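Visitor: Mind looking over this structure? Questions follow.
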Amino acid sequence: MKKKLTIKSLIEKANEFCKKETMFQNKDLFGVTDGKAVGTYIEHKFQEFLASQFEYVIGSSAKGIDLPSSDINTDIKVTSIKQPQSSCPFKDAKQKIFGLGYNLLVFVYDKIDNPETKTANLNFVSCTYVEKERTGDYTITYRLREMVNDGANLEDILSYLNDRNIPADEITLQNIAEQILNIPPKQGYLTISNALQWRLQYGRIVNLKENVSGITRIIDKVNDK
């Protein structure tokens, strides 16, 4: 009987998967330059790796994230070290400030093709588990926390939100500003760009050297150099 997946076992298996895949000479990915295709391939392979050992709820396009059960609530992201970024659905303007609403498991690889063996090696240089409270935009949350600490009022917060082009109407922005004053957001560690979908950039997480509550560095070859 398979065990129930937990956050702890998810992190342990992500570590195991990265080490295993880094050693693997992959014929399927040789010559593939489409980052989305590589990401989808690795996501599916990791899901198969998990499913062979654990019971868990598998996501669907309707649910929007890969591991949607309330106890896991995690989306899997796979991206190249050359440009560590991906997109995710836009649900609410508050995501940029208070986080996406779910955790992230971010795999970052360095892909090297070997023409002699016609295989690709995916060296996983970074793998990080980011709790949902840490998935807001770094610059915006930093400044808002600073403003609240400096005694900013509702008009100050509203003005800043407008300056940053937070995609929301006036009433929604007012509600967000009130929420910020009542419960300031935690410091986020993503860079989130406005688009039809959010554009998430992970450079700050990949290069993070200090220990931050809510961010678990599973594999960190970038800072080990």
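Chain identifiers are assigned as A, B, and so on, following the order in which chains appear in the structure tokens; residues are numbered from 1 within each chain, and ligands are numbered from 1 in order of appearance.
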Sorted by chain and rising residue number, list the residues of region 98-149 of chain A at most 8 Å from region 9-26 of chain A (counting only C-alpha atoms), each with its closest atom pair and distance in Å to one decimal, as a Markdown table.

Guide:
| residue | atom | partner | partner_atom | distance |
| --- | --- | --- | --- | --- |
| A:Thr119 | CA | A:Asn26 | CA | 5.0 |
| A:Ala120 | CA | A:Asn26 | CA | 4.9 |
| A:Asn121 | CA | A:Gln25 | CA | 5.3 |
| A:Leu122 | CA | A:Thr22 | CA | 5.4 |
| A:Asn123 | CA | A:Thr22 | CA | 4.5 |
| A:Phe124 | CA | A:Cys18 | CA | 5.8 |
| A:Cys127 | CA | A:Asn15 | CA | 7.6 |
| A:Tyr129 | CA | A:Ile11 | CA | 7.2 |

Visitor: Keeping only C-alpha atoms, write those residues as a PDB file, in the first residue's frame.

Guide:
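Dumped to again-v2.pdb:
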ATOM      1  CA  THR A 119      21.840  12.385 -25.171  1.00  0.00           C
ATOM      2  CA  ALA A 120      21.029  15.373 -23.004  1.00  0.00           C
ATOM      3  CA  ASN A 121      22.160  15.842 -19.438  1.00  0.00           C
ATOM      4  CA  LEU A 122      19.970  17.935 -17.167  1.00  0.00           C
ATOM      5  CA  ASN A 123      22.145  19.062 -14.287  1.00  0.00           C
ATOM      6  CA  PHE A 124      19.735  20.306 -11.614  1.00  0.00           C
ATOM      7  CA  CYS A 127      15.590  23.108  -6.398  1.00  0.00           C
ATOM      8  CA  TYR A 129      10.351  24.749  -1.996  1.00  0.00           C
TER       9      TYR A 129
END

Visitor: Using DSSP on the backbone, list every residue of region 15-207 of chain A that comes out as alpha helix (DSSP H), and give them as a count of residues only.

Guide: 69

Visitor: Compile the contact shell of Ser87 (chain A) as a PyMOL selection string: residues with an atom at most 6 Å away, counting only C-alpha atoms, same-chain residues fewer than 4 positions apart removed.

Guide: chain A and resi 198-200

Visitor: Next, the residues of the selection above should be written as a PDB file, in the first residue's frame with N, CA and C atoms.

Guide:
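Below is the file selection-v9.pdb, written as the result:
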ATOM      1  N   TRP A 198       0.475  35.867 -15.051  1.00  0.00           N
ATOM      2  CA  TRP A 198       1.617  36.377 -14.297  1.00  0.00           C
ATOM      3  C   TRP A 198       2.889  35.774 -14.888  1.00  0.00           C
ATOM      4  N   ARG A 199       3.921  36.587 -15.016  1.00  0.00           N
ATOM      5  CA  ARG A 199       5.241  36.102 -15.409  1.00  0.00           C
ATOM      6  C   ARG A 199       6.098  36.053 -14.145  1.00  0.00           C
ATOM      7  N   LEU A 200       6.459  34.854 -13.716  1.00  0.00           N
ATOM      8  CA  LEU A 200       7.218  34.660 -12.481  1.00  0.00           C
ATOM      9  C   LEU A 200       8.696  34.495 -12.796  1.00  0.00           C
TER      10      LEU A 200
END

Visitor: Which is closer to Gln95 (chain A) than all the others in A:Asn194, A:Thr128, A:Gln53, A:Asn114, using only C-alpha atoms?

Guide: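 Ranking A:Asn194, A:Thr128, A:Gln53, A:Asn114 by distance to Gln95 (chain A), first place goes to A:Asn194.
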
Visitor: Need the shell around Ile58 (chain A): protein/DNA/RNA residues with any atom at most 8 Å away, counting only C-alpha atoms. Skip same-chain ones fewer than 4 positions apart. Format as a list of chain:residue names?

Guide: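 Selected residues are A:Asp66, A:Leu67, A:Pro68.
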
Visitor: Convert the current residue selection to file output with N, CA and C atoms, as a PDB file, in the first residue's frame.

Guide:
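And here is the file that came out, part.pdb:
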ATOM      1  N   ASP A  66      -0.471  21.583  -9.807  1.00  0.00           N
ATOM      2  CA  ASP A  66      -0.134  20.167  -9.980  1.00  0.00           C
ATOM      3  C   ASP A  66      -0.541  19.287  -8.803  1.00  0.00           C
ATOM      4  N   LEU A  67      -0.371  19.805  -7.595  1.00  0.00           N
ATOM      5  CA  LEU A  67      -0.670  19.030  -6.382  1.00  0.00           C
ATOM      6  C   LEU A  67      -1.674  19.823  -5.539  1.00  0.00           C
ATOM      7  N   PRO A  68      -2.971  19.742  -5.891  1.00  0.00           N
ATOM      8  CA  PRO A  68      -3.951  20.703  -5.354  1.00  0.00           C
ATOM      9  C   PRO A  68      -4.576  20.385  -3.999  1.00  0.00           C
TER      10      PRO A  68
END

Visitor: In Å, with one decimal, what is the gap from CA of Asn223 (chain A) to CA of Lys209 (chain A)?

Guide: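 Pair CA of Asn223 (chain A) / CA of Lys209 (chain A) returns 6.7 Å.
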
Visitor: When distances are computed from only C-alpha atoms, which of A:Glu116, A:Ile72, A:Ser52, A:Lys96 shows the smallest separation from Phe30 (chain A)?

Guide: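 When distances to Phe30 (chain A) are compared using only C-alpha atoms, the smallest one comes from A:Glu116.
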
Visitor: Of the candidates A:Asn211, A:Ser193, A:Ser80, A:Thr139, which shows the shortest atom-to-atom distance to Ser126 (chain A), using only C-alpha atoms?

Guide: A:Ser80

Visitor: Give me, please, the distance in Å between CA of Val125 (chain A) and CA of Pro84 (chain A), quoted to one decimal.

Guide: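 Computing it gives 11.3 Å between the two atoms.
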
Visitor: Excluding region 154-162 of chain A and residues on its chain fewer than 3 positions from it, collect all residues at most 7 Å away from it, counting only C-alpha atoms, and give them as a VMD selection string.

Guide: chain A and resid 165 to 166 173 to 174 177 to 178

Visitor: Could the residues in this selection be written to a file with C-alpha atoms, as a PDB file, in the first residue's frame?

Guide:
ATOM      1  CA  ASN A 165       0.189  49.468 -11.976  1.00  0.00           C
ATOM      2  CA  ILE A 166      -1.408  46.804  -9.822  1.00  0.00           C
ATOM      3  CA  LEU A 173      -7.281  48.667  -4.738  1.00  0.00           C
ATOM      4  CA  GLN A 174      -8.964  50.369  -1.772  1.00  0.00           C
ATOM      5  CA  ALA A 177      -4.733  48.948   0.722  1.00  0.00           C
ATOM      6  CA  GLU A 178      -6.881  48.455   3.829  1.00  0.00           C
TER       7      GLU A 178
END

Visitor: Taking the backbone alone, and naming residues the way the document does, which bits of region 124-164 of chain A are strand (DSSP E or B) by DSSP, as a list in words?

Guide: Phe124, Val125, Ser126, Cys127, Thr128, Tyr129, Val130 and Asp137 of chain A

Visitor: For Asp75 (chain A), find every residue with an atom within 9 Å (counting only C-alpha atoms), except residues of its own chain fewer than 2 positions away, and show them as an MDAnalysis selection string.

Guide: chainID A and resid 59 64:68 73 77 102:106

Visitor: Figure out the distance between CA of Asp113 (chain A) and CA of Gly31 (chain A), please, to one decimal in Å.

Guide: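 Here the two named atoms are 6.7 Å from each other.
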